[in-house]
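S.K.: Starting off with a structure, shown below.
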Amino acid sequence: MKEKELRLLCKRILSKERYHHTLRVVALAKVLALRYGADVKKAKIAAYLHDVGYFIGRSKKDRSLSHAKLSESYAIKMGITDSEVLEAIRVHTTGERGMGLLAKVIYVADSTEAGRTYPGVELIRRESRRNLDRACLMIIHRTREHLRTKKKRLSRKTVQFEKELKKRLQEVH
Ligand SMILES: [Fe+2]
Ligand SMILES: [Fe+2]
C-alpha cells in the first residue's frame, strides 16, 4: 500500500484529532527510525495504522480487545504480514518484553509526538534522541505516575518490559 493511500485511509476512518495525532506519530517515527537504523517504510506503515482500532471492528466480540489489538487485526485484514510491523502496532500502548527496535520506535513516537504536552515530555523527547531504551523507561515511569493518580496500575506486560529494559541498560553500562 502506498503512503498516500494509507494517509487517505486514516483520514477517512479516524476522528480529526486522532488523524492529526497519527500524522505526528508518522513524522516522529520516521525521524527515530532513521536515527536508530530501523526500517523507515515499516515504521511509517505501523505509525499510520497504530490507532485505527479505535474506529473499526467494534463488534460485541471485539469490545474486550484493546484498540491496539484491533488495529493489528485490521492491519492483518489489509494484507500486512510483516511481523515487526504487526508487533509494533500490537504492543504500542503497553510495551512488551522482547519487543524489537521498530516496536520501540512506535512506542516512543506515540508518547512523545509534537502534540503531547504532559509534564516532563520534553525531557523524554531529549532522551529519545540519545537512548531509545532509556526513553522507553522514562515513558513507563511517567505512565506509572499517571495511572497512580487514577488509582490504577501498570499492566503486567509493561512491568515485564520495564524489567527487561533495566537489565539491558545495566549490561550496557
Ligand atoms: Fe493507541
Ligand atoms: Fe496513538
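Letters A, B, ... mark the chains of the C-alpha cells in the order given; residue numbers begin at 1 per chain; ligand numbers begin at 1, in order shown.
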Could you please extract the residues within 8 Å of ligand 1, counting only C-alpha atoms and all ligand atoms, and hand them back as a list in words?
M.R.: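 Sorted by chain and then by number, the residues are His50, Asp51, Tyr54, His67, Ala68, His92, Thr93 and Asp110 of chain A.
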S.K.: Within chain A, find each residue whose DSSP state, derived from the backbone, is alpha helix (DSSP H), and express the selection as a PyMOL selection string.
M.R.: chain A and resi 3-13+16-36+40-49+67-77+83-90+101-112+121-130+132-149+156-172
S.K.: Using only C-alpha atoms and all ligand atoms, what table do you get, as JSON lines, when you list each residue of chain A with an atom no more than 12 Å from ligand 2, its nearest pair of atoms, and their distance in Å rounded to one decimal, rows by chain then rising number?
M.R.:
{"residue": "A:Leu14", "atom": "CA", "partner": "ligand 2", "partner_atom_place_in_ligand_line": "1 (Fe)", "distance": 11.2}
{"residue": "A:Glu17", "atom": "CA", "partner": "ligand 2", "partner_atom_place_in_ligand_line": "1 (Fe)", "distance": 10.6}
{"residue": "A:Arg18", "atom": "CA", "partner": "ligand 2", "partner_atom_place_in_ligand_line": "1 (Fe)", "distance": 7.5}
{"residue": "A:Tyr19", "atom": "CA", "partner": "ligand 2", "partner_atom_place_in_ligand_line": "1 (Fe)", "distance": 9.4}
{"residue": "A:His20", "atom": "CA", "partner": "ligand 2", "partner_atom_place_in_ligand_line": "1 (Fe)", "distance": 10.0}
{"residue": "A:His21", "atom": "CA", "partner": "ligand 2", "partner_atom_place_in_ligand_line": "1 (Fe)", "distance": 6.7}
{"residue": "A:Thr22", "atom": "CA", "partner": "ligand 2", "partner_atom_place_in_ligand_line": "1 (Fe)", "distance": 6.3}
{"residue": "A:Leu23", "atom": "CA", "partner": "ligand 2", "partner_atom_place_in_ligand_line": "1 (Fe)", "distance": 9.8}
{"residue": "A:Arg24", "atom": "CA", "partner": "ligand 2", "partner_atom_place_in_ligand_line": "1 (Fe)", "distance": 9.4}
{"residue": "A:Val25", "atom": "CA", "partner": "ligand 2", "partner_atom_place_in_ligand_line": "1 (Fe)", "distance": 7.2}
{"residue": "A:Val26", "atom": "CA", "partner": "ligand 2", "partner_atom_place_in_ligand_line": "1 (Fe)", "distance": 10.0}
{"residue": "A:Leu28", "atom": "CA", "partner": "ligand 2", "partner_atom_place_in_ligand_line": "1 (Fe)", "distance": 11.9}
{"residue": "A:Ala29", "atom": "CA", "partner": "ligand 2", "partner_atom_place_in_ligand_line": "1 (Fe)", "distance": 11.6}
{"residue": "A:Ala46", "atom": "CA", "partner": "ligand 2", "partner_atom_place_in_ligand_line": "1 (Fe)", "distance": 10.7}
{"residue": "A:Ala47", "atom": "CA", "partner": "ligand 2", "partner_atom_place_in_ligand_line": "1 (Fe)", "distance": 8.1}
{"residue": "A:Tyr48", "atom": "CA", "partner": "ligand 2", "partner_atom_place_in_ligand_line": "1 (Fe)", "distance": 9.3}
{"residue": "A:Leu49", "atom": "CA", "partner": "ligand 2", "partner_atom_place_in_ligand_line": "1 (Fe)", "distance": 9.2}
{"residue": "A:His50", "atom": "CA", "partner": "ligand 2", "partner_atom_place_in_ligand_line": "1 (Fe)", "distance": 6.3}
{"residue": "A:Asp51", "atom": "CA", "partner": "ligand 2", "partner_atom_place_in_ligand_line": "1 (Fe)", "distance": 5.4}
{"residue": "A:Val52", "atom": "CA", "partner": "ligand 2", "partner_atom_place_in_ligand_line": "1 (Fe)", "distance": 9.0}
{"residue": "A:Gly53", "atom": "CA", "partner": "ligand 2", "partner_atom_place_in_ligand_line": "1 (Fe)", "distance": 10.3}
{"residue": "A:Tyr54", "atom": "CA", "partner": "ligand 2", "partner_atom_place_in_ligand_line": "1 (Fe)", "distance": 9.7}
{"residue": "A:His67", "atom": "CA", "partner": "ligand 2", "partner_atom_place_in_ligand_line": "1 (Fe)", "distance": 9.7}
{"residue": "A:Ala68", "atom": "CA", "partner": "ligand 2", "partner_atom_place_in_ligand_line": "1 (Fe)", "distance": 9.0}
{"residue": "A:Ser71", "atom": "CA", "partner": "ligand 2", "partner_atom_place_in_ligand_line": "1 (Fe)", "distance": 10.7}
{"residue": "A:Ala88", "atom": "CA", "partner": "ligand 2", "partner_atom_place_in_ligand_line": "1 (Fe)", "distance": 11.6}
{"residue": "A:Ile89", "atom": "CA", "partner": "ligand 2", "partner_atom_place_in_ligand_line": "1 (Fe)", "distance": 9.6}
{"residue": "A:Arg90", "atom": "CA", "partner": "ligand 2", "partner_atom_place_in_ligand_line": "1 (Fe)", "distance": 11.5}
{"residue": "A:Val91", "atom": "CA", "partner": "ligand 2", "partner_atom_place_in_ligand_line": "1 (Fe)", "distance": 11.3}
{"residue": "A:His92", "atom": "CA", "partner": "ligand 2", "partner_atom_place_in_ligand_line": "1 (Fe)", "distance": 7.8}
{"residue": "A:Thr93", "atom": "CA", "partner": "ligand 2", "partner_atom_place_in_ligand_line": "1 (Fe)", "distance": 8.0}
{"residue": "A:Thr94", "atom": "CA", "partner": "ligand 2", "partner_atom_place_in_ligand_line": "1 (Fe)", "distance": 11.7}
{"residue": "A:Ile106", "atom": "CA", "partner": "ligand 2", "partner_atom_place_in_ligand_line": "1 (Fe)", "distance": 8.9}
{"residue": "A:Tyr107", "atom": "CA", "partner": "ligand 2", "partner_atom_place_in_ligand_line": "1 (Fe)", "distance": 8.8}
{"residue": "A:Val108", "atom": "CA", "partner": "ligand 2", "partner_atom_place_in_ligand_line": "1 (Fe)", "distance": 10.2}
{"residue": "A:Ala109", "atom": "CA", "partner": "ligand 2", "partner_atom_place_in_ligand_line": "1 (Fe)", "distance": 8.6}
{"residue": "A:Asp110", "atom": "CA", "partner": "ligand 2", "partner_atom_place_in_ligand_line": "1 (Fe)", "distance": 5.0}
{"residue": "A:Ser111", "atom": "CA", "partner": "ligand 2", "partner_atom_place_in_ligand_line": "1 (Fe)", "distance": 7.5}
{"residue": "A:Thr112", "atom": "CA", "partner": "ligand 2", "partner_atom_place_in_ligand_line": "1 (Fe)", "distance": 10.0}
{"residue": "A:Glu113", "atom": "CA", "partner": "ligand 2", "partner_atom_place_in_ligand_line": "1 (Fe)", "distance": 9.1}
{"residue": "A:Gly115", "atom": "CA", "partner": "ligand 2", "partner_atom_place_in_ligand_line": "1 (Fe)", "distance": 10.9}
{"residue": "A:Arg116", "atom": "CA", "partner": "ligand 2", "partner_atom_place_in_ligand_line": "1 (Fe)", "distance": 10.5}
S.K.: Hey, what's within 9 Å of region 132-140 of chain A if we count only C-alpha atoms and toss same-chain stuff fewer than 4 positions away? As a list in words, please?
M.R.: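 Answer for this query is Leu32, Tyr36, Thr94, Gly95, Leu101, Lys104, Val105, Tyr107, Val108, Ser111, Thr112, Val121, Leu123, Ile124, Arg125, Arg126, Glu127, Ser128, Arg144, Glu145, Leu154, Thr158, Val159, Phe161, Glu162, Leu165, Lys166, Arg168 and Leu169 of chain A.
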S.K.: Please dump the current selection as an mmCIF file, in the first residue's frame; keep N, CA and C atoms.
M.R.:
data_model
loop_
_atom_site.group_PDB
_atom_site.id
_atom_site.type_symbol
_atom_site.label_atom_id
_atom_site.label_comp_id
_atom_site.auth_asym_id
_atom_site.auth_seq_id
_atom_site.Cartn_x
_atom_site.Cartn_y
_atom_site.Cartn_z
ATOM 1 N N LEU A 32 12.908 8.877 14.222
ATOM 2 C CA LEU A 32 13.522 7.915 15.152
ATOM 3 C C LEU A 32 14.052 6.688 14.407
ATOM 4 N N TYR A 36 17.925 5.444 14.571
ATOM 5 C CA TYR A 36 18.333 4.174 15.199
ATOM 6 C C TYR A 36 18.498 3.025 14.204
ATOM 7 N N THR A 94 1.147 -0.812 25.711
ATOM 8 C CA THR A 94 1.711 -1.373 26.940
ATOM 9 C C THR A 94 3.208 -1.648 26.856
ATOM 10 N N GLY A 95 3.698 -1.835 25.649
ATOM 11 C CA GLY A 95 5.047 -2.366 25.531
ATOM 12 C C GLY A 95 4.998 -3.836 25.875
ATOM 13 N N LEU A 101 13.231 -3.316 17.835
ATOM 14 C CA LEU A 101 13.543 -1.894 17.621
ATOM 15 C C LEU A 101 12.361 -1.123 17.034
ATOM 16 N N LYS A 104 9.780 -0.350 19.553
ATOM 17 C CA LYS A 104 10.199 0.712 20.488
ATOM 18 C C LYS A 104 10.079 2.091 19.833
ATOM 19 N N VAL A 105 10.418 2.144 18.557
ATOM 20 C CA VAL A 105 10.302 3.414 17.826
ATOM 21 C C VAL A 105 8.846 3.907 17.862
ATOM 22 N N TYR A 107 6.475 2.977 19.982
ATOM 23 C CA TYR A 107 6.109 3.224 21.387
ATOM 24 C C TYR A 107 6.523 4.635 21.810
ATOM 25 N N VAL A 108 7.753 4.993 21.479
ATOM 26 C CA VAL A 108 8.263 6.310 21.866
ATOM 27 C C VAL A 108 7.617 7.414 21.015
ATOM 28 N N SER A 111 4.154 8.321 22.275
ATOM 29 C CA SER A 111 4.124 9.043 23.549
ATOM 30 C C SER A 111 4.756 10.421 23.515
ATOM 31 N N THR A 112 5.558 10.681 22.504
ATOM 32 C CA THR A 112 6.298 11.956 22.541
ATOM 33 C C THR A 112 6.089 12.804 21.282
ATOM 34 N N VAL A 121 7.496 15.783 29.236
ATOM 35 C CA VAL A 121 7.601 15.210 27.883
ATOM 36 C C VAL A 121 8.858 15.704 27.162
ATOM 37 N N LEU A 123 11.779 16.326 28.409
ATOM 38 C CA LEU A 123 12.944 15.543 28.852
ATOM 39 C C LEU A 123 12.984 14.188 28.146
ATOM 40 N N ILE A 124 11.818 13.593 28.001
ATOM 41 C CA ILE A 124 11.756 12.282 27.331
ATOM 42 C C ILE A 124 12.123 12.443 25.852
ATOM 43 N N ARG A 125 11.640 13.521 25.254
ATOM 44 C CA ARG A 125 11.993 13.789 23.843
ATOM 45 C C ARG A 125 13.501 13.891 23.682
ATOM 46 N N ARG A 126 14.104 14.625 24.617
ATOM 47 C CA ARG A 126 15.554 14.810 24.527
ATOM 48 C C ARG A 126 16.271 13.466 24.653
ATOM 49 N N GLU A 127 15.814 12.672 25.617
ATOM 50 C CA GLU A 127 16.438 11.356 25.819
ATOM 51 C C GLU A 127 16.221 10.449 24.610
ATOM 52 N N SER A 128 15.082 10.611 23.952
ATOM 53 C CA SER A 128 14.788 9.735 22.810
ATOM 54 C C SER A 128 15.767 9.950 21.663
ATOM 55 N N ARG A 144 3.308 5.155 34.974
ATOM 56 C CA ARG A 144 3.022 4.667 36.328
ATOM 57 C C ARG A 144 2.472 5.802 37.201
ATOM 58 N N GLU A 145 3.142 6.948 37.130
ATOM 59 C CA GLU A 145 2.694 8.101 37.928
ATOM 60 C C GLU A 145 1.298 8.540 37.510
ATOM 61 N N LEU A 154 0.183 -0.249 36.434
ATOM 62 C CA LEU A 154 0.739 -0.637 35.141
ATOM 63 C C LEU A 154 0.325 -2.064 34.813
ATOM 64 N N THR A 158 3.744 -4.295 30.830
ATOM 65 C CA THR A 158 4.599 -3.112 30.950
ATOM 66 C C THR A 158 5.665 -3.324 32.026
ATOM 67 N N VAL A 159 5.262 -3.960 33.120
ATOM 68 C CA VAL A 159 6.221 -4.218 34.199
ATOM 69 C C VAL A 159 7.340 -5.146 33.700
ATOM 70 N N PHE A 161 8.311 -5.451 30.612
ATOM 71 C CA PHE A 161 9.088 -4.642 29.659
ATOM 72 C C PHE A 161 10.086 -3.770 30.433
ATOM 73 N N GLU A 162 9.613 -3.165 31.508
ATOM 74 C CA GLU A 162 10.468 -2.302 32.327
ATOM 75 C C GLU A 162 11.653 -3.090 32.891
ATOM 76 N N LEU A 165 14.185 -3.737 30.218
ATOM 77 C CA LEU A 165 14.930 -2.518 29.852
ATOM 78 C C LEU A 165 16.006 -2.201 30.889
ATOM 79 N N LYS A 166 15.633 -2.324 32.164
ATOM 80 C CA LYS A 166 16.596 -2.030 33.230
ATOM 81 C C LYS A 166 17.790 -2.968 33.146
ATOM 82 N N ARG A 168 18.878 -4.581 30.521
ATOM 83 C CA ARG A 168 19.626 -4.235 29.312
ATOM 84 C C ARG A 168 20.537 -3.039 29.539
ATOM 85 N N LEU A 169 19.994 -2.036 30.196
ATOM 86 C CA LEU A 169 20.770 -0.812 30.408
ATOM 87 C C LEU A 169 21.911 -1.046 31.394
#
S.K.: For CA of Asn131 (chain A) and CA of Glu72 (chain A), determine how far apart the two atoms are, in Å to one decimal place.
M.R.: 27.0 Å
S.K.: Please compute the CA of Lys77 (chain A)-CA of Lys16 (chain A) distance, one decimal, in Å.
M.R.: 23.5 Å
S.K.: Rounded to one decimal in Å, what is the spacing between CA of Lys4 (chain A) and CA of Arg129 (chain A)?
M.R.: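 CA of Arg129 (chain A) lies at a distance of 27.6 Å from CA of Lys4 (chain A).
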S.K.: Pick the closest to Lys69 (chain A) from A:Ile56, A:Ala38, A:Ala27, A:Met1: which is it, counting only C-alpha atoms?
M.R.: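 When distances to Lys69 (chain A) are compared using only C-alpha atoms, the smallest one comes from A:Ile56.
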S.K.: From the list A:Leu65, A:Met78, A:Val31, A:Ala43, which residue is nearest Glu5 (chain A) when using only C-alpha atoms?
M.R.: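 Among A:Leu65, A:Met78, A:Val31, A:Ala43, it is A:Met78 that comes nearest to Glu5 (chain A).
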S.K.: Of the candidates A:Lys42, A:Phe55, A:Lys157, A:Arg148, which shows the shortest atom-to-atom distance to Arg12 (chain A), using only C-alpha atoms?
M.R.: A:Phe55
